[in-house]
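Worksheet for the structure shown next.
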Protein chains: 2
Amino acid sequence: MSPQLAAMTGILKDRGIRLTAERRAILKGIHSCGGHFDADTLLDHFRRRGDRVSRATIYRTLGTLVEIGLLRKIEMGDRQSLYEPVEGREHHEHMICLHCGEIIEFVEPEIERLQDEVCRRSGFTPQDHTLQIYGICYACNCENVAGESGTAGAGR
Amino acid sequence: MSPQLAAMTGILKDRGIRLTAERRAILKGIHSCGGHFDADTLLDHFRRRGDRVSRATIYRTLGTLVEIGLLRKIEMGDRQSLYEPVEGREHHEHMICLHCGEIIEFVEPEIERLQDEVCRRSGFTPQDHTLQIYGICYACNCENVAGESGTAGAGR
DNA sequence: TCTAAATTGAGAATCTGTCTCAACTGGAGA
DNA sequence: TCTCCAGTTGAGACAGATTCTCAATTTAGA
Ligand SMILES: [Zn+2]
Ligand SMILES: [Zn+2]
Ligand SMILES: [Zn+2]
Ligand SMILES: [Zn+2]
C-alpha cells in the first residue's frame, strides 16, 4: 500500500468513516486515474478491472472525500464535474481547451490575494471559489494555423 | 416601449431574427426579472401572467440572445445557469452567499489583466471565463453573530 | 460472536436542458 | 392587401449527470 493511500485510510478512520472494500477501491482508483477525472471515468475503470462498485457508491464516496478535504471538485458548467486529489498539491485554477479538452493548471497567487481583498471590502466571508478560463490551447492554436481541417474534440 | 427594449428589438431585426410574440415577451420579461435570473424563473413569470411561452422557446431564445451578445450566461457549478442582461453594464464577476443566495457583483480589472497574462504565458487563447466566489455575505454574517438559529436559505 | 448502525446496489426519480416534427406565422414580395 | 415559405413554435420524448429509496449486506466495537 502506498504511503498516500495509508495516509488517506488513516484520515477516514480518524473521522469514524468505515473502511469498506468499495472505499478502498475508490481510494486506490483515484490515484491510478491520475490528474483530473470524473465519476464515470472512475466507474469504467472499475468495470474494466472487474471490481464492482456501484454508481451510487462512487458518487457518495467522492462527495465524502471532497467533504473531508481529500479531493477537490471542479464543477464544469455543462459537462460533468471533475475531481482531483488535493494531497499536498498547490492550489491552482484551470484553463480548459474548447477544442481538444486539455486541462492546463495555473497558479497565480496575486489573483487569490485580490479575491480576498474584494471579499474583505464587501464584508463577504469566502469559503470557496472557482476560476476557469475557456479557450484554445497552444497546440490547437498551432494546428489551426496549419491545415484548417474540420472540427473535432471536446466542444462546449 | 422602453428605449432598451426598442434597442434590443432593433438588434434582432438587424440580424434578420424574426420578432415573434414569444420573443417580444421574453425581451420584456428579462427586464422585469431584473438582475440575474434562470430559465425556470422566467418560465414561472410567464405562467403567472398568463402569457404562454414554451420551455423550449425560452431556452432557445435565451441561447440566441447570448449568441448575439444581449445576455450573458453564468454557469453555476450546480448545473443551473443564470442569465443577466449585458446592456452597457461593466464586465463583472460574482460572489454568491451560501446562506441566503444573495448574488453580489464585483469588478476587479487587475484580476482580468492577470488572467490575460497567465494565458499569454501559456500560449492559450482565452474566449471566456468564470470566476465565482462562494461564501457568506455581510448580512448573513451579522445574523449569525447575533442569534445562532437553525439553517435556512439557499444551500448549494 | 453478536448486534446496532453504517453502507451498499439496483433501479427509479430528479433536474436541466435539448431534440423532434407537425402545425403555425412573420414579413418580404406580388 | 394577399400569398407563400422559411423561420419558429409547442408538446412531449429524450438525454446525461446526479441523487434518492430501501431492502439486503457489512463493518467495527462490545
Ligand atoms: Zn486544445
Ligand atoms: Zn487541477
Ligand atoms: Zn447571505
Ligand atoms: Zn451579475
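Chain labels A, B, ... are given in the sequence in which chains occur in the C-alpha cells; within each chain residues are numbered consecutively from 1, and ligands are likewise numbered from 1 in the order shown.
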
Return as CSV the residues of stretch 70-107 of chain A lying at most 12 Å from stretch 2-17 of chain A, together with the closest atom-to-atom pair for each and the distance in Å to one decimal, counting only C-alpha atoms, with rows in chain order and ascending residue number.
residue,atom,partner,partner_atom,distance
A:Leu70,CA,A:Met8,CA,7.6
A:Leu71,CA,A:Met8,CA,10.6
A:Pro85,CA,A:Gln4,CA,10.6
A:Val86,CA,A:Met8,CA,11.1
A:Glu87,CA,A:Gln4,CA,8.0
A:Gly88,CA,A:Gln4,CA,10.2

What residues have any atom no more than 8 Å from ligand 1 when counting only C-alpha atoms (C1' of nucleotides) and all ligand atoms, and can you list them as a ChimeraX atom specification?
/A:96-102,136-141

At a cut-off of 12 Å, which residues of chain D touch chain B? Count only C-alpha atoms (C1' of nucleotides) and give the answer as a PDB file with C-alpha atoms (C1' of nucleotides), in the first residue's frame.
ATOM      1  C1'  DA D   6     -38.501  29.667 -44.424  1.00  0.00           C
ATOM      2  C1'  DG D   7     -38.108  30.547 -39.796  1.00  0.00           C
ATOM      3  C1'  DT D   8     -40.485  29.499 -35.338  1.00  0.00           C
ATOM      4  C1'  DT D   9     -43.222  27.331 -32.011  1.00  0.00           C
ATOM      5  C1'  DG D  10     -45.060  23.757 -28.603  1.00  0.00           C
ATOM      6  C1'  DA D  11     -45.825  19.261 -26.649  1.00  0.00           C
ATOM      7  C1'  DG D  12     -43.650  15.855 -25.233  1.00  0.00           C
ATOM      8  C1'  DG D  16     -26.955  12.983 -19.357  1.00  0.00           C
ATOM      9  C1'  DA D  17     -25.483  13.666 -14.753  1.00  0.00           C
ATOM     10  C1'  DT D  18     -26.526  13.056 -10.254  1.00  0.00           C
TER      11       DT D  18
END

Which chains and residue numbers are within 12 Å of ligand 2, counting only C-alpha atoms (C1' of nucleotides) and all ligand atoms, if I want them as an NGL selection string?
:A and (34-37 or 71-75 or 82-87 or 89-96 or 102-107 or 130-132)

Separating atom C1' of C:DC15 from atom CA of A:Gly77, to the nearest tenth of an Å, is a gap of 14.4 Å

Write down, as a list in words, each residue of chain C that has any atom within 12 Å of an atom of chain B, counting only C-alpha atoms (C1' of nucleotides).
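My answer is DC15, DT16, DG17, DT18, DC19, DT20, DC24, DT25, DG26, DG27 and DA28 of chain C.
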
Test item, alpha helix (DSSP H) assignment across chain A, answer as a PyMOL selection string:
chain A and resi 3-14+21-33+39-49+55-67+109-122+138-145

Would you mind telling me which residue in B:Gln115, B:Thr64, B:Asn144, B:Gln127 lies nearest to chain A when using only C-alpha atoms?
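Closest candidate: B:Gln127.
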
By how many Å are atom CA of B:Thr61 and atom CA of A:Gly135 apart?
24.3 Å

Top pick for closest residue to chain B, considering A:His129, A:Arg121, A:His31, A:His45 and counting only C-alpha atoms
A:His129

Rank nothing, just name the residue among A:Glu143, A:Met76, A:Pro109, A:Leu43 nearest to chain B, using only C-alpha atoms.
A:Met76

Residue nearest chain A among B:Ile133, B:Ile68, B:Ile30, B:Cys142 (counting only C-alpha atoms)
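Among B:Ile133, B:Ile68, B:Ile30, B:Cys142, it is B:Ile133 that comes nearest to chain A.
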